[in-house]
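Each remark here refers to the structure printed beneath this line.
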Amino acid sequence: FIIGVSVFLLGLYINLRSDQVLRHLRHQRRPQHDNDNNNIHNTRTTTTLDHYKIPPGGEEEGGFVLFDYVSTPHYFGEIVEWTGYAIAMNRPCGWAFCLFTAANLIPRGVSHHRWYQHKFGYQNQNKKNDDDD
């Protein structure tokens, strides 16, 4: 039980830290206030491809080391979380939940990684395990 809870907490940390890095990138894209007439030019965040960035890795300020190894560490963290839950629960339904979570998030992560490669170019994708081509 304690091992499962420990694995769950590790996954939770990975998930929260990854989300924090991604939120910071999103915050950098938000529209700026116009100080002259105190309004916002655009109340919605634009989502053109020009605004996307590769999340920073561990060597960069505000980065997270797992972004050096996987494109979607928040998905990885969630899979680790639910693996810990399954270990702690030690029941088939816990393992089923873990399996279905992985079956949902792994294809999404692969798709996200391929999008990064398409958008930023394979050579600019600063990941150490780019071997899914």
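By order of appearance in the structure tokens: chains A, B, ..., then residues from 1 within every chain, and ligands from 1 in the order shown.
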
* To do: Quick one: everything within 6 Å of region 96-106 of chain A, counting only C-alpha atoms, minus sequence neighbours fewer than 3 positions away in the same chain. Send it as a PyMOL selection string.
  => chain A and resi 79+82-83+93+109

Take the residues from that selection and put them in a file with N, CA, C and O atoms, as an mmCIF file, in the first residue's frame.
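Final output, saved to result_6.cif:
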data_model
loop_
_atom_site.group_PDB
_atom_site.id
_atom_site.type_symbol
_atom_site.label_atom_id
_atom_site.label_comp_id
_atom_site.auth_asym_id
_atom_site.auth_seq_id
_atom_site.Cartn_x
_atom_site.Cartn_y
_atom_site.Cartn_z
ATOM 1 N N ILE A 79 -0.173 8.760 -15.920
ATOM 2 C CA ILE A 79 -0.080 7.295 -15.992
ATOM 3 C C ILE A 79 0.628 6.757 -14.749
ATOM 4 O O ILE A 79 0.205 5.748 -14.169
ATOM 5 N N TRP A 82 -1.848 6.819 -11.740
ATOM 6 C CA TRP A 82 -2.855 5.760 -11.705
ATOM 7 C C TRP A 82 -2.241 4.372 -11.590
ATOM 8 O O TRP A 82 -2.901 3.442 -11.119
ATOM 9 N N THR A 83 -0.962 4.245 -11.949
ATOM 10 C CA THR A 83 -0.255 2.996 -11.661
ATOM 11 C C THR A 83 -0.079 2.861 -10.148
ATOM 12 O O THR A 83 -0.296 1.780 -9.582
ATOM 13 N N CYS A 93 -10.158 -3.675 -10.611
ATOM 14 C CA CYS A 93 -10.745 -2.425 -11.114
ATOM 15 C C CYS A 93 -9.714 -1.291 -11.105
ATOM 16 O O CYS A 93 -9.744 -0.418 -11.979
ATOM 17 N N GLY A 109 -0.253 11.270 -26.487
ATOM 18 C CA GLY A 109 1.134 11.717 -26.361
ATOM 19 C C GLY A 109 1.921 11.531 -27.646
ATOM 20 O O GLY A 109 2.689 12.404 -28.045
#

Which residue, A:Met89, A:Pro73, A:Gly84, A:Phe120, has the smallest gap to Val5 (chain A) when you use only C-alpha atoms?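 Closest residue, counting only C-alpha atoms: A:Gly84.
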
In terms of only C-alpha atoms, the residue from A:Pro107, A:Val80, A:Asn90, A:Ile54 at minimal distance from Ser6 (chain A) is A:Val80

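Interatomic distance, CA of Ser18 (chain A) to CA of Tyr116 (chain A): 16.5 Å.
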
* One decimal, Å: what's the distance from CA of Phe1 (chain A) over to CA of Arg91 (chain A), could you say? =>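 Interatomic distance here is 11.6 Å.
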
Here CA of Arg108 (chain A) and CA of Thr72 (chain A) stand apart by 9.0 Å

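Checking A:Gly77, A:His112, A:His24, A:Ile87 one by one against Gly62 (chain A), counting only C-alpha atoms, you find the shortest gap at A:His24.
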
Nearby residues (only C-alpha atoms) at most 7 Å from Phe67 (chain A), same-chain spacing under 4 positions excluded, as a PyMOL selection string:
chain A and resi 55-57+71+73
